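Coordinates from data17.cif are shown below (mmCIF, N, CA and C atoms).
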```cif
data_final
#
loop_
_atom_site.label_atom_id
_atom_site.label_comp_id
_atom_site.auth_asym_id
_atom_site.auth_seq_id
_atom_site.Cartn_x
_atom_site.Cartn_y
_atom_site.Cartn_z
N MET A 851 -10.65 5.96 8.00
CA MET A 851 -10.52 4.72 7.27
C MET A 851 -10.57 3.57 8.26
N ASP A 852 -11.47 2.64 8.09
CA ASP A 852 -11.50 1.48 8.95
C ASP A 852 -10.42 0.50 8.51
N LEU A 853 -9.71 -0.05 9.48
CA LEU A 853 -8.60 -0.93 9.17
C LEU A 853 -9.05 -2.38 9.23
N THR A 854 -9.40 -2.91 8.09
CA THR A 854 -9.72 -4.32 8.02
C THR A 854 -8.40 -5.09 8.08
N PHE A 855 -8.51 -6.40 8.29
CA PHE A 855 -7.31 -7.22 8.39
C PHE A 855 -6.45 -7.10 7.14
N ASP A 856 -7.08 -7.15 5.97
CA ASP A 856 -6.33 -7.07 4.71
C ASP A 856 -5.57 -5.75 4.59
N LYS A 857 -6.22 -4.66 4.98
CA LYS A 857 -5.56 -3.36 4.91
C LYS A 857 -4.39 -3.30 5.89
N LEU A 858 -4.59 -3.86 7.06
CA LEU A 858 -3.52 -3.87 8.05
C LEU A 858 -2.31 -4.64 7.54
N VAL A 859 -2.56 -5.78 6.89
CA VAL A 859 -1.47 -6.57 6.33
C VAL A 859 -0.74 -5.76 5.25
N LEU A 860 -1.47 -5.09 4.40
CA LEU A 860 -0.84 -4.29 3.35
C LEU A 860 -0.01 -3.15 3.94
N LEU A 861 -0.53 -2.51 4.97
CA LEU A 861 0.23 -1.43 5.62
C LEU A 861 1.50 -1.96 6.27
N GLU A 862 1.43 -3.14 6.85
CA GLU A 862 2.62 -3.74 7.45
C GLU A 862 3.65 -4.09 6.39
N ARG A 863 3.19 -4.54 5.23
CA ARG A 863 4.11 -4.83 4.13
C ARG A 863 4.79 -3.56 3.66
N MET A 864 4.03 -2.48 3.55
CA MET A 864 4.62 -1.20 3.16
C MET A 864 5.69 -0.78 4.15
N GLU A 865 5.40 -0.92 5.43
CA GLU A 865 6.36 -0.54 6.46
C GLU A 865 7.63 -1.38 6.35
N LEU A 866 7.47 -2.68 6.14
CA LEU A 866 8.62 -3.58 6.03
C LEU A 866 9.49 -3.20 4.83
N ILE A 867 8.86 -2.96 3.69
CA ILE A 867 9.61 -2.58 2.50
C ILE A 867 10.38 -1.30 2.74
N ALA A 868 9.72 -0.32 3.33
CA ALA A 868 10.38 0.96 3.61
C ALA A 868 11.54 0.79 4.59
N ARG A 869 11.32 0.00 5.62
CA ARG A 869 12.37 -0.22 6.62
C ARG A 869 13.57 -0.94 6.01
N LEU A 870 13.31 -1.95 5.19
CA LEU A 870 14.41 -2.70 4.57
C LEU A 870 15.25 -1.82 3.65
N THR A 871 14.60 -0.96 2.91
CA THR A 871 15.35 -0.12 1.98
C THR A 871 16.13 0.99 2.67
N THR A 872 15.77 1.30 3.90
CA THR A 872 16.51 2.34 4.61
C THR A 872 17.56 1.78 5.56
N THR A 873 17.42 0.50 5.96
CA THR A 873 18.37 -0.05 6.92
C THR A 873 19.35 -1.03 6.30
N VAL A 874 19.04 -1.57 5.14
CA VAL A 874 19.89 -2.55 4.48
C VAL A 874 20.55 -1.89 3.28
N GLU A 875 21.82 -2.18 3.09
CA GLU A 875 22.51 -1.62 1.93
C GLU A 875 21.95 -2.26 0.67
N CYS A 876 21.45 -1.43 -0.22
CA CYS A 876 20.93 -1.94 -1.49
C CYS A 876 21.20 -0.93 -2.59
N HIS A 877 21.08 -1.40 -3.81
CA HIS A 877 21.33 -0.56 -4.97
C HIS A 877 20.21 0.47 -5.13
N GLU A 878 20.54 1.54 -5.81
CA GLU A 878 19.57 2.60 -6.03
C GLU A 878 18.34 2.07 -6.80
N ARG A 879 18.56 1.19 -7.76
CA ARG A 879 17.45 0.62 -8.53
C ARG A 879 16.53 -0.19 -7.61
N ASP A 880 17.11 -0.93 -6.65
CA ASP A 880 16.31 -1.69 -5.70
C ASP A 880 15.41 -0.76 -4.88
N LYS A 881 15.95 0.38 -4.48
CA LYS A 881 15.16 1.36 -3.73
C LYS A 881 14.02 1.90 -4.59
N GLU A 882 14.29 2.16 -5.86
CA GLU A 882 13.24 2.65 -6.76
C GLU A 882 12.13 1.62 -6.91
N ILE A 883 12.50 0.35 -7.04
CA ILE A 883 11.51 -0.71 -7.16
C ILE A 883 10.68 -0.80 -5.88
N ALA A 884 11.34 -0.70 -4.74
CA ALA A 884 10.64 -0.76 -3.46
C ALA A 884 9.65 0.39 -3.33
N LEU A 885 10.05 1.59 -3.74
CA LEU A 885 9.15 2.74 -3.68
C LEU A 885 7.95 2.55 -4.61
N MET A 886 8.18 1.96 -5.77
CA MET A 886 7.07 1.68 -6.69
C MET A 886 6.11 0.66 -6.07
N MET A 887 6.66 -0.34 -5.38
CA MET A 887 5.82 -1.34 -4.71
C MET A 887 4.96 -0.68 -3.63
N ILE A 888 5.56 0.20 -2.85
CA ILE A 888 4.83 0.92 -1.81
C ILE A 888 3.71 1.75 -2.44
N ALA A 889 4.01 2.43 -3.53
CA ALA A 889 3.01 3.25 -4.20
C ALA A 889 1.85 2.40 -4.72
N GLU A 890 2.16 1.24 -5.27
CA GLU A 890 1.11 0.35 -5.78
C GLU A 890 0.23 -0.18 -4.65
N ILE A 891 0.84 -0.55 -3.53
CA ILE A 891 0.07 -1.03 -2.38
C ILE A 891 -0.83 0.08 -1.86
N ALA A 892 -0.27 1.28 -1.72
CA ALA A 892 -1.06 2.41 -1.22
C ALA A 892 -2.21 2.71 -2.17
N GLN A 893 -1.97 2.66 -3.47
CA GLN A 893 -3.04 2.93 -4.43
C GLN A 893 -4.13 1.88 -4.34
N SER A 894 -3.77 0.62 -4.12
CA SER A 894 -4.79 -0.43 -4.00
C SER A 894 -5.66 -0.20 -2.77
N ILE A 895 -5.05 0.28 -1.69
CA ILE A 895 -5.83 0.59 -0.48
C ILE A 895 -6.78 1.74 -0.76
N LEU A 896 -6.28 2.79 -1.42
CA LEU A 896 -7.13 3.93 -1.75
C LEU A 896 -8.26 3.53 -2.68
N ASP A 897 -7.95 2.74 -3.70
CA ASP A 897 -8.98 2.29 -4.65
C ASP A 897 -10.06 1.50 -3.94
N THR A 898 -9.67 0.64 -3.03
CA THR A 898 -10.63 -0.16 -2.27
C THR A 898 -11.53 0.75 -1.43
N ASP A 899 -10.93 1.74 -0.79
CA ASP A 899 -11.71 2.68 0.03
C ASP A 899 -12.69 3.48 -0.81
N ILE A 900 -12.26 3.92 -1.99
CA ILE A 900 -13.12 4.71 -2.86
C ILE A 900 -14.33 3.89 -3.29
N VAL A 901 -14.09 2.64 -3.70
CA VAL A 901 -15.19 1.77 -4.13
C VAL A 901 -16.13 1.50 -2.97
N GLN A 902 -15.59 1.23 -1.79
CA GLN A 902 -16.44 0.96 -0.63
C GLN A 902 -17.28 2.17 -0.29
N ASN A 903 -16.70 3.36 -0.35
CA ASN A 903 -17.44 4.59 -0.06
C ASN A 903 -18.53 4.83 -1.09
N GLN A 904 -18.24 4.56 -2.34
CA GLN A 904 -19.24 4.72 -3.39
C GLN A 904 -20.39 3.74 -3.20
N ASN A 905 -20.06 2.52 -2.82
CA ASN A 905 -21.10 1.52 -2.58
C ASN A 905 -22.00 1.93 -1.41
N ARG A 906 -21.41 2.49 -0.38
CA ARG A 906 -22.19 2.94 0.78
C ARG A 906 -23.12 4.09 0.40
N GLU A 907 -22.65 4.93 -0.49
CA GLU A 907 -23.43 6.11 -0.87
C GLU A 907 -24.33 5.83 -2.07
N GLY A 908 -24.28 4.61 -2.59
CA GLY A 908 -25.12 4.27 -3.73
C GLY A 908 -24.64 4.86 -5.04
N LEU A 909 -23.34 5.12 -5.14
CA LEU A 909 -22.79 5.75 -6.34
C LEU A 909 -22.05 4.78 -7.24
N ALA A 910 -22.03 3.53 -6.88
CA ALA A 910 -21.29 2.54 -7.68
C ALA A 910 -21.95 2.37 -9.04
N PHE A 911 -21.11 2.18 -10.03
CA PHE A 911 -21.59 2.04 -11.39
C PHE A 911 -21.65 0.60 -11.79
#
```
In structure tokens, write the structure found in this file.
Amino acid sequence: MDLTFDKLVLLERMELIARLTTTVECHERDKEIALMMIAEIAQSILDTDIVQNQNREGLAF
């Protein structure tokens, strides 16, 4: 996976969210929300990669 600037920023946000939820005292619900945010960010990165790969291979619809 090539790391464009946007992807790098998203990965850094994921890391920050994960670090905050493990080092700062927070409620269980806050941790669940943080994990959902991480999952959404990761999915957006994967979706972007899939579309880019399809475009390269001429498979885009």
I'd like the interatomic distance between CA of Leu885 in chain A and CA of Thr898 in chain A, to a tenth of an Å.
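These two atoms are separated by 20.0 Å.
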Using DSSP on the backbone coordinates, identify all residues within chain A classified as helix (DSSP H, G or I); present the result as a PyMOL selection string.
chain A and resi 855-873+878-907
Which polymer residues have any atom within 9 Å of an atom of range 890-893 of chain A, counting only C-alpha atoms, with same-chain residues fewer than 3 positions away left out, as a PyMOL selection string?
chain A and resi 860-861+863-864+885-887+896-898
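Among the candidates A:Ile888, A:Phe855, A:Asp880, A:Ile900, the one nearest to Ile867 in chain A when counting only C-alpha atoms is A:Ile888.
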Point-to-point distance from CA of Asp856 in chain A to CA of Ile883 in chain A, Å rounded to tenths
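Answer for the CA of Asp856 in chain A to CA of Ile883 in chain A separation: 22.4 Å.
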What does the distance between CA of Glu865 in chain A and CA of Glu882 in chain A come to in Å, to one decimal place?
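Spanning CA of Glu865 in chain A to CA of Glu882 in chain A is a straight-line distance of 15.2 Å.
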